[in-house]
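Q: Contents of my_file_24.txt (compact mmCIF, C-alpha atoms and all ligand atoms):
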```txt
# COMPACT_ATOMS: atom_id res chain seq x y z
CA MET A 162 -109.62 -152.80 -161.51
CA ARG A 163 -107.29 -149.87 -161.36
CA ALA A 164 -106.84 -148.02 -164.64
CA PRO A 165 -103.45 -148.44 -166.32
CA MET A 166 -101.41 -145.31 -165.68
CA ARG A 167 -99.85 -143.48 -168.60
CA PRO A 168 -96.42 -141.81 -168.13
CA HIS A 169 -97.76 -138.26 -167.75
CA LEU A 170 -100.32 -139.55 -165.26
CA ALA A 171 -97.57 -141.29 -163.31
CA LEU A 172 -95.72 -137.96 -163.12
CA LEU A 173 -98.88 -136.28 -161.90
CA ALA A 174 -99.35 -139.01 -159.33
CA LEU A 175 -95.92 -138.22 -157.93
CA MET A 176 -96.84 -134.54 -157.79
CA ALA A 177 -100.09 -135.51 -156.13
CA ALA A 178 -98.22 -137.33 -153.42
CA ALA A 179 -96.09 -134.25 -152.83
CA PHE A 180 -98.95 -131.75 -152.78
CA ALA A 181 -101.52 -133.81 -150.94
CA GLY A 182 -99.06 -134.92 -148.32
CA ALA A 183 -100.96 -133.05 -145.65
CA CYS A 184 -103.48 -135.84 -145.50
CA PHE A 185 -101.16 -138.84 -145.40
CA ASP A 186 -100.95 -140.77 -142.20
CA LEU A 187 -97.39 -141.99 -142.04
CA THR A 188 -97.72 -143.24 -138.52
CA ARG A 189 -99.71 -146.40 -138.89
CA ALA A 190 -99.25 -148.31 -135.70
CA ALA A 191 -99.55 -152.05 -135.28
CA ALA A 192 -102.13 -151.64 -132.57
CA ALA A 193 -104.70 -148.91 -132.31
CA ALA A 194 -104.52 -146.68 -129.31
CA GLY A 195 -107.61 -145.17 -127.79
CA GLY A 196 -110.08 -147.47 -129.51
CA THR A 197 -112.96 -148.77 -127.52
CA SER A 198 -113.46 -152.23 -128.99
CA THR A 199 -111.36 -155.34 -129.43
CA TYR A 200 -112.01 -155.29 -133.16
CA VAL A 201 -108.78 -155.85 -135.10
CA ARG A 202 -108.54 -152.99 -137.53
CA PRO A 203 -107.99 -153.81 -141.18
CA GLU A 204 -105.46 -152.52 -143.65
CA PRO A 205 -106.58 -150.02 -146.28
CA ARG A 206 -108.11 -151.54 -149.37
CA PRO A 207 -106.87 -150.45 -152.81
CA ALA A 208 -108.60 -147.79 -154.86
CA VAL A 209 -111.17 -149.14 -157.33
CA PHE A 210 -111.51 -147.45 -160.73
CA ILE A 211 -115.04 -147.56 -162.17
CA HIS A 212 -114.84 -147.49 -165.98
CA ASP A 213 -117.45 -146.40 -168.51
CA SER A 214 -119.69 -149.25 -169.40
CA ASN A 215 -118.74 -150.46 -172.88
CA ASP A 216 -122.17 -150.05 -174.40
CA GLU A 217 -122.49 -146.40 -173.45
CA ASP A 218 -122.70 -143.99 -176.34
CA SER A 219 -121.28 -140.50 -176.11
CA ALA A 220 -124.68 -139.00 -175.28
CA SER A 221 -125.42 -141.45 -172.47
CA PRO A 222 -125.82 -139.73 -169.08
CA GLN A 223 -123.43 -140.82 -166.34
CA GLN A 224 -122.25 -139.65 -162.92
CA VAL A 225 -125.76 -138.46 -162.06
CA HIS A 226 -126.20 -136.78 -158.69
CA VAL A 227 -128.81 -134.52 -157.14
CA SER A 228 -128.66 -131.71 -154.58
CA LEU A 229 -131.18 -129.47 -152.84
CA VAL A 230 -131.92 -125.97 -154.11
CA GLY A 231 -134.12 -123.90 -151.82
CA GLN A 232 -137.20 -125.38 -150.18
CA ASP A 233 -138.66 -127.34 -153.06
CA ARG A 234 -136.26 -127.68 -155.95
CA MET A 235 -133.52 -130.10 -156.88
CA ARG A 236 -130.42 -129.64 -159.04
CA ILE A 237 -129.73 -132.63 -161.29
CA SER A 238 -126.08 -132.90 -162.41
CA TRP A 239 -124.73 -135.36 -164.95
CA ILE A 240 -121.98 -135.83 -167.50
CA THR A 241 -121.93 -137.06 -171.08
CA LYS A 242 -118.79 -137.87 -173.03
CA GLY A 243 -120.10 -136.03 -176.07
CA SER A 244 -122.69 -133.44 -176.90
CA ALA A 245 -126.18 -133.90 -175.40
CA PRO A 246 -128.99 -131.59 -174.38
CA PRO A 247 -129.01 -130.39 -170.71
CA THR A 248 -132.61 -131.44 -170.32
CA VAL A 249 -134.28 -133.25 -167.44
CA ASP A 250 -137.71 -134.78 -167.92
CA PHE A 251 -139.47 -135.78 -164.71
CA GLY A 252 -142.72 -136.96 -163.19
CA LYS A 253 -144.19 -139.06 -160.41
CA SER A 254 -144.57 -142.30 -162.38
CA PRO A 255 -141.94 -144.32 -164.25
CA GLY A 256 -141.75 -143.33 -167.90
CA ALA A 257 -144.39 -140.61 -167.52
CA TYR A 258 -142.65 -137.28 -167.56
CA GLN A 259 -145.11 -134.43 -167.19
CA SER A 260 -142.45 -131.74 -166.86
CA SER A 261 -139.22 -130.83 -168.55
CA VAL A 262 -136.46 -128.33 -167.72
CA THR A 263 -133.48 -127.40 -169.85
CA GLY A 264 -130.48 -126.20 -167.87
CA ASN A 265 -126.93 -125.50 -168.99
CA THR A 266 -123.71 -127.23 -169.92
CA THR A 267 -120.11 -126.53 -168.97
CA SER A 268 -116.78 -128.32 -169.14
CA TYR A 269 -113.27 -127.73 -167.88
CA LYS A 270 -109.67 -128.41 -168.76
CA TYR A 271 -107.03 -129.55 -166.35
CA LEU A 272 -103.55 -129.94 -167.83
CA LEU A 273 -103.97 -132.52 -170.61
CA TYR A 274 -107.41 -133.61 -169.44
CA LYS A 275 -110.66 -132.28 -170.86
CA SER A 276 -113.83 -133.14 -169.04
CA GLY A 277 -116.96 -134.43 -170.67
CA GLU A 278 -119.99 -132.20 -171.00
CA ILE A 279 -121.11 -131.33 -167.47
CA HIS A 280 -124.86 -130.67 -167.43
CA GLU A 281 -127.16 -129.38 -164.76
CA ALA A 282 -130.81 -128.46 -164.53
CA VAL A 283 -132.78 -127.23 -161.51
CA ILE A 284 -136.24 -128.78 -161.37
CA GLY A 285 -139.27 -127.93 -159.28
CA PRO A 286 -141.36 -126.99 -157.45
CA LEU A 287 -141.42 -130.51 -156.02
CA GLU A 288 -143.62 -132.00 -153.33
CA PRO A 289 -141.94 -133.11 -150.10
CA ASN A 290 -141.39 -136.76 -149.25
CA THR A 291 -142.24 -137.80 -152.80
CA VAL A 292 -140.52 -140.09 -155.29
CA TYR A 293 -139.85 -138.54 -158.71
CA PHE A 294 -138.71 -140.43 -161.78
CA TYR A 295 -136.43 -138.65 -164.23
CA ARG A 296 -134.25 -139.02 -167.28
CA CYS A 297 -131.30 -136.89 -168.36
CA SER A 298 -130.59 -135.59 -171.88
CA SER A 299 -133.92 -137.16 -172.97
CA ASN A 300 -132.22 -140.53 -172.85
CA SER A 301 -134.78 -143.22 -171.99
CA ALA A 302 -132.17 -145.95 -171.68
CA ARG A 303 -131.41 -144.80 -168.15
CA GLU A 304 -134.27 -143.80 -165.87
CA PHE A 305 -133.43 -142.57 -162.37
CA ASN A 306 -135.52 -141.70 -159.36
CA PHE A 307 -135.05 -139.69 -156.20
CA LYS A 308 -137.08 -139.05 -153.07
CA THR A 309 -137.48 -135.49 -151.86
CA PRO A 310 -136.89 -134.90 -148.14
CA PRO A 311 -139.75 -134.21 -145.73
CA ALA A 312 -140.84 -130.60 -145.25
CA GLN A 313 -141.01 -131.05 -141.50
CA LEU A 314 -139.27 -133.05 -138.80
CA PRO A 315 -138.43 -135.87 -138.39
CA ILE A 316 -135.61 -136.11 -140.93
CA LYS A 317 -132.72 -138.56 -141.33
CA PHE A 318 -129.24 -137.51 -142.40
CA VAL A 319 -126.22 -139.62 -143.28
CA VAL A 320 -122.91 -137.91 -142.48
CA ILE A 321 -119.69 -139.18 -144.00
CA GLY A 322 -116.32 -137.56 -144.70
CA ASP A 323 -113.15 -138.50 -146.57
CA LEU A 324 -115.02 -141.01 -148.67
CA GLY A 325 -112.57 -141.83 -151.45
CA GLN A 326 -113.14 -144.80 -153.74
CA THR A 327 -111.69 -147.98 -152.32
CA GLY A 328 -113.01 -151.38 -151.31
CA TRP A 329 -113.79 -149.85 -147.93
CA THR A 330 -115.68 -147.00 -149.60
CA LYS A 331 -117.83 -149.59 -151.35
CA THR A 332 -118.65 -151.22 -148.02
CA THR A 333 -119.53 -147.85 -146.50
CA LEU A 334 -121.76 -147.03 -149.48
CA GLU A 335 -123.50 -150.40 -149.16
CA HIS A 336 -124.26 -149.67 -145.52
CA ILE A 337 -125.49 -146.17 -146.36
CA GLY A 338 -127.67 -147.62 -149.12
CA GLN A 339 -129.33 -149.92 -146.59
CA SER A 340 -130.42 -146.96 -144.47
CA ASP A 341 -133.59 -145.08 -145.27
CA TYR A 342 -132.00 -141.62 -145.17
CA ASP A 343 -133.27 -138.34 -146.61
CA VAL A 344 -130.14 -136.21 -147.18
CA LEU A 345 -126.42 -137.02 -147.20
CA LEU A 346 -123.95 -134.51 -145.73
CA LEU A 347 -120.26 -134.75 -146.67
CA PRO A 348 -117.66 -132.61 -144.84
CA GLY A 349 -115.00 -132.72 -147.54
CA ASP A 350 -112.51 -134.97 -149.34
CA LEU A 351 -114.66 -136.64 -151.94
CA SER A 352 -112.84 -138.52 -154.69
CA TYR A 353 -109.15 -138.47 -153.73
CA ALA A 354 -108.54 -137.95 -157.44
CA ASP A 355 -105.54 -135.88 -156.39
CA PHE A 356 -104.88 -134.20 -159.75
CA ILE A 357 -105.62 -137.34 -161.83
CA GLN A 358 -108.90 -136.18 -163.31
CA PRO A 359 -110.25 -139.53 -164.63
CA TRP A 360 -110.59 -140.50 -160.96
CA TRP A 361 -113.21 -137.76 -160.59
CA ASP A 362 -115.18 -139.54 -163.34
CA SER A 363 -114.69 -142.87 -161.61
CA TYR A 364 -115.94 -141.36 -158.34
CA GLY A 365 -119.00 -139.96 -160.09
CA ARG A 366 -119.83 -143.43 -161.38
CA LEU A 367 -119.17 -145.03 -157.99
CA VAL A 368 -121.54 -142.80 -156.03
CA GLU A 369 -124.22 -142.47 -158.74
CA PRO A 370 -126.48 -145.30 -157.47
CA LEU A 371 -126.90 -143.43 -154.17
CA ALA A 372 -126.28 -139.82 -155.20
CA SER A 373 -128.91 -139.99 -157.97
CA GLN A 374 -131.53 -141.14 -155.43
CA ARG A 375 -131.04 -138.74 -152.52
CA PRO A 376 -129.59 -135.23 -152.32
CA TRP A 377 -125.88 -135.22 -151.55
CA MET A 378 -124.81 -131.93 -149.97
CA VAL A 379 -121.05 -131.48 -149.77
CA THR A 380 -118.35 -129.08 -148.78
CA GLN A 381 -114.73 -129.16 -149.77
CA GLY A 382 -111.59 -130.67 -148.24
CA ASN A 383 -107.91 -130.31 -148.99
CA HIS A 384 -108.10 -133.04 -151.64
CA GLU A 385 -110.44 -130.84 -153.68
CA ILE A 386 -107.93 -127.97 -154.02
CA GLU A 387 -105.86 -129.49 -156.86
CA LYS A 388 -103.87 -126.32 -157.40
CA ILE A 389 -100.43 -126.65 -158.95
CA PRO A 390 -98.29 -123.50 -158.89
CA ILE A 391 -97.66 -122.07 -162.38
CA ILE A 392 -99.03 -125.17 -164.18
CA HIS A 393 -102.60 -124.94 -162.86
CA PRO A 394 -102.84 -122.01 -160.43
CA ARG A 395 -106.63 -122.13 -160.04
CA SER A 396 -108.04 -124.02 -157.04
CA PHE A 397 -111.10 -126.29 -156.88
CA THR A 398 -111.48 -126.54 -160.67
CA ALA A 399 -112.95 -130.04 -160.80
CA TYR A 400 -114.85 -129.73 -157.52
CA ASN A 401 -116.62 -126.51 -158.49
CA ALA A 402 -117.43 -127.80 -161.97
CA ARG A 403 -118.75 -131.17 -160.83
CA TRP A 404 -120.26 -130.52 -157.39
CA ARG A 405 -122.08 -127.23 -157.65
CA MET A 406 -123.99 -126.48 -154.47
CA PRO A 407 -126.81 -123.91 -153.89
CA PHE A 408 -124.62 -121.06 -152.62
CA GLU A 409 -126.40 -118.13 -154.28
CA GLU A 410 -129.63 -118.99 -152.49
CA SER A 411 -127.99 -118.30 -149.11
CA GLY A 412 -126.34 -115.05 -150.19
CA SER A 413 -122.89 -116.61 -150.54
CA ASP A 414 -120.65 -115.58 -153.42
CA SER A 415 -118.75 -118.86 -153.46
CA ASN A 416 -119.46 -122.55 -154.02
CA LEU A 417 -117.02 -123.14 -151.16
CA TYR A 418 -119.44 -122.06 -148.39
CA TYR A 419 -123.23 -121.89 -148.21
CA SER A 420 -126.22 -122.79 -146.07
CA PHE A 421 -129.67 -124.24 -146.51
CA ASP A 422 -132.76 -125.03 -144.47
CA ILE A 423 -134.33 -128.45 -144.53
CA ALA A 424 -137.19 -129.70 -142.34
CA GLY A 425 -136.38 -127.66 -139.26
CA VAL A 426 -132.58 -127.84 -139.56
CA HIS A 427 -130.35 -124.96 -140.70
CA ILE A 428 -127.22 -126.49 -142.21
CA ILE A 429 -124.08 -124.43 -142.75
CA MET A 430 -121.30 -125.72 -144.98
CA LEU A 431 -118.06 -123.86 -144.28
CA GLY A 432 -114.89 -123.81 -146.37
CA SER A 433 -111.76 -124.79 -144.47
CA TYR A 434 -109.56 -124.08 -147.51
CA THR A 435 -110.69 -120.62 -148.46
CA ASP A 436 -110.26 -117.36 -146.52
CA PHE A 437 -111.83 -117.35 -143.07
CA ASP A 438 -110.21 -114.41 -141.27
CA GLN A 439 -112.37 -111.65 -139.81
CA ASN A 440 -112.11 -109.53 -142.96
CA SER A 441 -112.91 -112.39 -145.31
CA ALA A 442 -116.06 -112.70 -147.35
CA GLN A 443 -116.71 -116.08 -145.72
CA TYR A 444 -116.56 -114.65 -142.19
CA LYS A 445 -118.90 -111.79 -143.05
CA TRP A 446 -121.26 -114.15 -144.81
CA LEU A 447 -121.30 -116.52 -141.81
CA GLN A 448 -122.01 -113.66 -139.43
CA ALA A 449 -124.93 -112.50 -141.57
CA ASP A 450 -126.20 -116.04 -142.12
CA LEU A 451 -126.27 -116.85 -138.41
CA GLY A 452 -128.01 -113.53 -137.77
CA LYS A 453 -130.86 -114.56 -140.06
CA VAL A 454 -131.58 -117.94 -138.47
CA ASP A 455 -135.09 -118.17 -137.05
CA ARG A 456 -135.04 -120.88 -134.36
CA THR A 457 -138.81 -121.16 -134.43
CA ARG A 458 -138.51 -122.33 -138.07
CA THR A 459 -135.20 -124.18 -137.74
CA PRO A 460 -134.70 -125.18 -134.10
CA TRP A 461 -131.48 -127.01 -135.02
CA ILE A 462 -128.24 -125.60 -136.46
CA VAL A 463 -125.67 -128.04 -137.88
CA VAL A 464 -122.27 -126.92 -139.22
CA LEU A 465 -119.86 -128.87 -141.43
CA ILE A 466 -116.15 -128.11 -141.80
CA HIS A 467 -113.30 -130.24 -143.07
CA ALA A 468 -110.37 -129.82 -140.67
CA PRO A 469 -111.61 -130.51 -137.12
CA TRP A 470 -111.38 -127.84 -134.45
CA TYR A 471 -111.27 -130.49 -131.72
CA ASN A 472 -109.17 -133.58 -132.28
CA SER A 473 -107.27 -135.89 -129.94
CA ASN A 474 -105.82 -138.02 -132.74
CA THR A 475 -102.11 -137.45 -133.42
CA ALA A 476 -102.96 -136.87 -137.12
CA HIS A 477 -103.41 -133.30 -138.37
CA GLN A 478 -102.57 -131.53 -135.13
CA GLY A 479 -101.81 -127.81 -135.30
CA GLU A 480 -102.86 -127.15 -138.90
CA LYS A 481 -103.92 -123.58 -139.57
CA GLU A 482 -107.31 -124.65 -140.95
CA SER A 483 -108.03 -126.14 -137.53
CA VAL A 484 -106.28 -123.72 -135.17
CA GLU A 485 -106.83 -120.37 -136.91
CA MET A 486 -110.31 -121.08 -138.24
CA LYS A 487 -111.38 -122.15 -134.77
CA ALA A 488 -109.83 -119.05 -133.19
CA THR A 489 -111.68 -116.86 -135.68
CA MET A 490 -115.07 -118.51 -135.94
CA GLU A 491 -115.71 -120.54 -132.80
CA GLY A 492 -117.17 -117.52 -130.98
CA LEU A 493 -119.69 -116.95 -133.77
CA LEU A 494 -120.92 -120.54 -133.60
CA TYR A 495 -121.06 -120.45 -129.81
CA GLN A 496 -123.01 -117.17 -129.69
CA ALA A 497 -125.46 -118.55 -132.26
CA ARG A 498 -125.93 -121.72 -130.19
CA VAL A 499 -124.95 -124.07 -132.99
CA ASP A 500 -125.91 -127.62 -131.95
CA VAL A 501 -123.28 -129.75 -133.65
CA VAL A 502 -120.15 -129.37 -135.78
CA PHE A 503 -119.16 -132.26 -138.06
CA ALA A 504 -115.63 -132.45 -139.46
CA GLY A 505 -113.58 -134.89 -141.53
CA HIS A 506 -109.86 -134.85 -142.44
CA VAL A 507 -108.74 -137.17 -139.62
CA HIS A 508 -109.41 -140.70 -140.84
CA ALA A 509 -111.12 -141.94 -137.72
CA TYR A 510 -114.21 -141.33 -135.60
CA GLU A 511 -114.30 -139.12 -132.51
CA ARG A 512 -117.18 -137.60 -130.54
CA PHE A 513 -116.66 -134.76 -128.11
CA THR A 514 -118.94 -133.34 -125.49
CA ARG A 515 -120.38 -129.83 -125.90
CA VAL A 516 -117.25 -127.74 -125.91
CA TYR A 517 -116.21 -124.10 -126.32
CA ASN A 518 -112.73 -122.65 -125.95
CA GLU A 519 -111.31 -126.05 -124.94
CA SER A 520 -113.72 -126.52 -122.02
CA ALA A 521 -116.98 -128.40 -121.64
CA ASN A 522 -119.86 -125.94 -121.95
CA ASP A 523 -123.55 -126.88 -121.99
CA CYS A 524 -124.46 -124.12 -124.46
CA SER A 525 -121.86 -124.88 -127.14
CA PRO A 526 -121.78 -127.35 -130.04
CA VAL A 527 -121.00 -131.05 -129.87
CA HIS A 528 -117.99 -131.69 -132.13
CA VAL A 529 -117.74 -134.91 -134.15
CA THR A 530 -114.95 -136.09 -136.46
CA ILE A 531 -116.32 -138.45 -139.09
CA GLY A 532 -113.45 -138.73 -141.60
CA ASP A 533 -113.63 -142.51 -141.78
CA GLY A 534 -115.45 -143.09 -145.08
CA GLY A 535 -112.88 -145.43 -146.57
CA ASN A 536 -110.22 -143.52 -148.48
CA ARG A 537 -107.02 -145.06 -149.79
CA GLU A 538 -104.73 -143.44 -147.24
CA GLY A 539 -106.02 -145.67 -144.48
CA LEU A 540 -106.92 -145.02 -140.87
CA ALA A 541 -105.36 -142.56 -138.43
CA GLU A 542 -104.72 -144.98 -135.62
CA ARG A 543 -102.71 -143.03 -133.07
CA TYR A 544 -104.27 -140.97 -130.33
CA ASN A 545 -102.93 -138.64 -127.70
CA ASP A 546 -102.91 -140.51 -124.44
CA PRO A 547 -104.75 -140.18 -122.15
CA ALA A 548 -107.90 -138.99 -123.89
CA PRO A 549 -108.84 -135.45 -122.89
CA PRO A 550 -111.98 -135.34 -120.71
CA ILE A 551 -113.90 -133.54 -123.47
CA SER A 552 -113.42 -136.54 -125.83
CA LEU A 553 -116.22 -139.01 -125.12
CA PHE A 554 -115.59 -141.70 -127.75
CA ARG A 555 -112.81 -142.24 -130.28
CA GLU A 556 -111.97 -145.11 -132.56
CA ALA A 557 -110.00 -145.58 -135.77
CA SER A 558 -112.33 -147.73 -137.87
CA PHE A 559 -113.99 -147.10 -141.21
CA GLY A 560 -117.70 -146.31 -141.03
CA HIS A 561 -120.36 -143.62 -141.34
CA GLY A 562 -122.74 -141.62 -139.14
CA ARG A 563 -126.50 -141.16 -139.05
CA LEU A 564 -128.29 -138.21 -137.52
CA GLU A 565 -132.01 -138.61 -137.00
CA VAL A 566 -133.52 -135.31 -135.95
CA VAL A 567 -136.68 -136.57 -134.31
CA ASN A 568 -138.35 -133.30 -133.34
CA SER A 569 -137.48 -129.75 -132.29
CA THR A 570 -135.84 -130.94 -129.09
CA HIS A 571 -134.28 -134.37 -129.64
CA ALA A 572 -131.92 -135.99 -132.14
CA LEU A 573 -130.31 -139.43 -132.21
CA TRP A 574 -126.73 -139.77 -133.45
CA THR A 575 -125.31 -143.20 -134.30
CA TRP A 576 -121.90 -144.13 -135.63
CA HIS A 577 -121.80 -147.26 -137.79
CA ARG A 578 -118.52 -149.10 -137.95
CA ASN A 579 -117.59 -151.31 -140.93
CA ASP A 580 -116.81 -154.35 -138.81
CA ASP A 581 -115.15 -156.17 -141.68
CA ASP A 582 -118.12 -155.86 -144.03
CA GLN A 583 -120.83 -155.89 -141.37
CA ASN A 584 -122.65 -152.74 -140.35
CA VAL A 585 -122.35 -152.46 -136.56
CA VAL A 586 -123.42 -149.54 -134.37
CA GLY A 587 -120.27 -148.54 -132.51
CA ASP A 588 -121.45 -145.40 -130.73
CA SER A 589 -124.69 -143.54 -130.16
CA ALA A 590 -125.89 -140.47 -128.29
CA TRP A 591 -129.10 -138.51 -127.83
CA TRP A 592 -128.67 -134.77 -128.27
CA THR A 593 -131.03 -132.04 -127.07
CA SER A 594 -131.35 -128.86 -129.13
CA LEU A 595 -129.83 -125.76 -127.55
CA SER A 596 -132.84 -123.74 -128.66
CA SER A 597 -134.92 -125.82 -126.24
CA ASN A 598 -132.56 -125.22 -123.32
CA PRO A 599 -133.71 -122.13 -121.36
CA ALA A 600 -130.25 -121.82 -119.79
CA CYS A 601 -128.77 -121.22 -123.26
CA LYS A 602 -131.08 -118.42 -124.37
CA VAL A 603 -129.20 -115.53 -125.95
FE FE B 701 -108.51 -134.01 -145.63
```
Would you mind writing the file's structure down as structure tokens?
Ligand SMILES: [Fe+2]
A:
Amino acid sequence: MRAPMRPHLALLALMAAAFAGACFDLTRAAAAAGGTSTYVRPEPRPAVFIHDSNDEDSASPQQVHVSLVGQDRMRISWITKGSAPPTVDFGKSPGAYQSSVTGNTTSYKYLLYKSGEIHEAVIGPLEPNTVYFYRCSSNSAREFNFKTPPAQLPIKFVVIGDLGQTGWTKTTLEHIGQSDYDVLLLPGDLSYADFIQPWWDSYGRLVEPLASQRPWMVTQGNHEIEKIPIIHPRSFTAYNARWRMPFEESGSDSNLYYSFDIAGVHIIMLGSYTDFDQNSAQYKWLQADLGKVDRTRTPWIVVLIHAPWYNSNTAHQGEKESVEMKATMEGLLYQARVDVVFAGHVHAYERFTRVYNESANDCSPVHVTIGDGGNREGLAERYNDPAPPISLFREASFGHGRLEVVNSTHALWTWHRNDDDQNVVGDSAWWTSLSSNPACKV
């Protein structure tokens, strides 16, 4: 049930609509253009607010999620309404916690809202491919467990953007929960809280069953900015406080862009909504990061951005985060032989061929838009017609993607459509790593 909205929240909601307008699709068409199935596309489902459970005391951990830190550690993040120790106890059997780590606690204010206590602790070293049981704030009432990813290929990723928290999001999460994945990658637009901070708490509760069990690695979208001139001039306040990623470990000075290695894959999370020009810290960091990649250790390179650089949907054409970021950074990714670029922002699915500078190119990344997680703004149903030759598959349906990197040369990509509430594979492709293609040697 949606939370009742108090007057000041209603005012903020109006402001949210004004400021977040960049992501609204006002062009919903009766019939989808460019889709590849006869499936009749559904209307958006309303947002669903997940409340505190009534029996929770103020020290009860909630909104638990985990993320990778380096090769063998995990950051545990959780929130309590009141004071509680930032301690994680963990071990390989339920209820038997051989180790304990005490981390730190923060909180933030946003207009009239004050967050709960936001705790985090980094635990490890951990063994690969192993289930660990853990409790937060020494609270035995709630035991969680996660599985660490494998140290070597194969590895399975879920990729999903623009998730939101609607009935469709719930369906997408159910489908993701049915897959035996290792790491989730999210290219921006998480909660769609849009300035109304209790929705960040609701989102934390919604994703907890999955995000407490597998590492969720995210980057930011426009809905994370939440900057209001004069009233709240700082950007990314809630996002940075709640979804801290391992940026220091990759030499980044910002939670808005970072990289990490996992099981033979170097993953780069870029920030579409922070500086990316050639003099920016992000550009220099990316250049240095790509220069350090060892393709014998990580034969695959995967990049996530929010605003797509290639897009044949009518939504979000010509935005500077797409056009200028591409003009600045595409050459770096091409020279480094990045294998695939995932984006969100456009609420639909689209898969391109390997493309560089608008043309098909066998040594450049595949581009995929996967902004169809289920957010409240609905689908982006209009496409430029005809489809450009570089666009191989496009469809405006909710869903999610899975990337199974099988070995150093081959990976299987599948897109799973929410066909009503059924999980149906709508598109698939085998990709070959560029590091294994002698014609693409640099
Ligand atoms: Fe977006």
Q: Would you mind listing what lies within 6 Å of region 205-221 of chain A as a PyMOL selection string, with all atoms listed in the file counted and same-chain residues fewer than 4 positions away left out?
A: chain A and resi 162-163+241-243+245+326-328+363+537+539
Q: Wanna dump the chain A-ligand FE 701 (chain B) contacts at 8 Å for me, each residue with its shortest atom pair and the distance in Å to one decimal, counting all atoms listed in the file, ordered by chain and number, as a Markdown table?
A:
```
| residue | atom | partner | partner_atom | distance |
| --- | --- | --- | --- | --- |
| A:Ala183 | CA | B:FE701 | FE | 7.6 |
| A:Cys184 | CA | B:FE701 | FE | 5.4 |
| A:Asp323 | CA | B:FE701 | FE | 6.5 |
| A:Gly349 | CA | B:FE701 | FE | 6.9 |
| A:Asp350 | CA | B:FE701 | FE | 5.5 |
| A:Gly382 | CA | B:FE701 | FE | 5.2 |
| A:Asn383 | CA | B:FE701 | FE | 5.0 |
| A:His384 | CA | B:FE701 | FE | 6.1 |
| A:His467 | CA | B:FE701 | FE | 6.6 |
| A:Ala468 | CA | B:FE701 | FE | 6.8 |
| A:Gly505 | CA | B:FE701 | FE | 6.6 |
| A:His506 | CA | B:FE701 | FE | 3.6 |
| A:Val507 | CA | B:FE701 | FE | 6.8 |
| A:Gly532 | CA | B:FE701 | FE | 7.9 |
```
Q: Determine, for each residue of region 199-235 of chain A having at least one atom at most 8 Å from an atom of region 399-415 of chain A, the closest pair of atoms and their separation in Å to one decimal, counting only C-alpha atoms; order by chain and ascending number, as CSV.
A:
```
residue,atom,partner,partner_atom,distance
A:Ser228,CA,A:Met406,CA,7.0
A:Leu229,CA,A:Pro407,CA,7.1
A:Val230,CA,A:Pro407,CA,5.5
A:Gly231,CA,A:Glu410,CA,6.7
```
Q: Dump C-alpha atoms for the selected residues as a PDB file, in the coordinates of the input?
A:
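Just written: again_22.pdb:
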```
ATOM      1  CA  SER A 228    -128.660-131.710-154.580  1.00  0.00           C
ATOM      2  CA  LEU A 229    -131.180-129.470-152.840  1.00  0.00           C
ATOM      3  CA  VAL A 230    -131.920-125.970-154.110  1.00  0.00           C
ATOM      4  CA  GLY A 231    -134.120-123.900-151.820  1.00  0.00           C
TER       5      GLY A 231
END
```
Q: Counting all atoms listed in the file, which residue out of A:Asp523, A:Asp436, A:Asp546, A:Asp582 sits closest to Lys602 (chain A)?
A: A:Asp523
Q: Compute the distance from (-122.2, -117.1, -136.6) to each atom, counting all atoms listed in the file, keep the residues with any atom at most 7 Å away, and return them as a list in words; use the coordinates of the file.
A: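 Every polymer residue passing the test: Leu447, Gln448, Asp450, Leu451, Gly452, Leu493, Leu494, Gln496 and Ala497 of chain A.
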Q: Have a look at CA of Tyr293 (chain A) and CA of Thr263 (chain A) and let me know their distance in Å, one decimal.
A: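 That distance, rounded to one decimal, is 17.0 Å.
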Q: Quick one: residues within 9 Å of Val249 (chain A), only C-alpha atoms, excluding same-chain residues fewer than 3 positions away - as a list in words?
A: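 Once the adjacent positions are removed, what remains is Ile237, Pro246, Ser260, Ser261, Val262, Thr263, Gly264, Glu281, Ala282, Val283, Ile284, Tyr295, Arg296, Cys297, Ser298 and Ser299 of chain A.
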Q: Calculated over all atoms listed in the file, which of the candidates A:Thr570, A:Ser420, A:Thr266, A:Asn474 has the smallest distance to Ala449 (chain A)?
A: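 Among the listed residues, A:Ser420 lies closest to Ala449 (chain A).
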Q: A:Thr267, A:Gln339, A:Gln223, A:Thr593: which is nearest Asp362 (chain A), counting only C-alpha atoms?
A: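 Ranking A:Thr267, A:Gln339, A:Gln223, A:Thr593 by distance to Asp362 (chain A), first place goes to A:Gln223.
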Q: List as a list in words the protein and nucleic acid residues near Ser569 (chain A), meaning an atom at most 8 Å away when all atoms listed in the file are counted, but skip any in the same chain fewer than 6 places from it.
A: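 Listing them by chain and then by number gives Leu314, Gly425, Pro460, Trp461, Ser594 and Ser597 of chain A.
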Q: Quick one: of A:Leu334, A:Ile321, A:Val463, A:Val368, who's nearest to Leu346 (chain A), counting all atoms listed in the file?
A: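 For Leu346 (chain A), the nearest of the candidates is A:Ile321.
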Q: I need every residue sitting at most 9 Å from the point (-116.3, -125.0, -167.6) (coordinates as in the file, all atoms listed in the file considered), written as a ChimeraX atom specification.
A: /A:266-270,276,278-279,398,402
Q: Counting only C-alpha atoms, which of A:Asn300, A:Thr435, A:Ser244, A:Thr291 gets nearest to Arg375 (chain A)?
A: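 Between A:Asn300, A:Thr435, A:Ser244, A:Thr291, the residue approaching Arg375 (chain A) most closely is A:Thr291.
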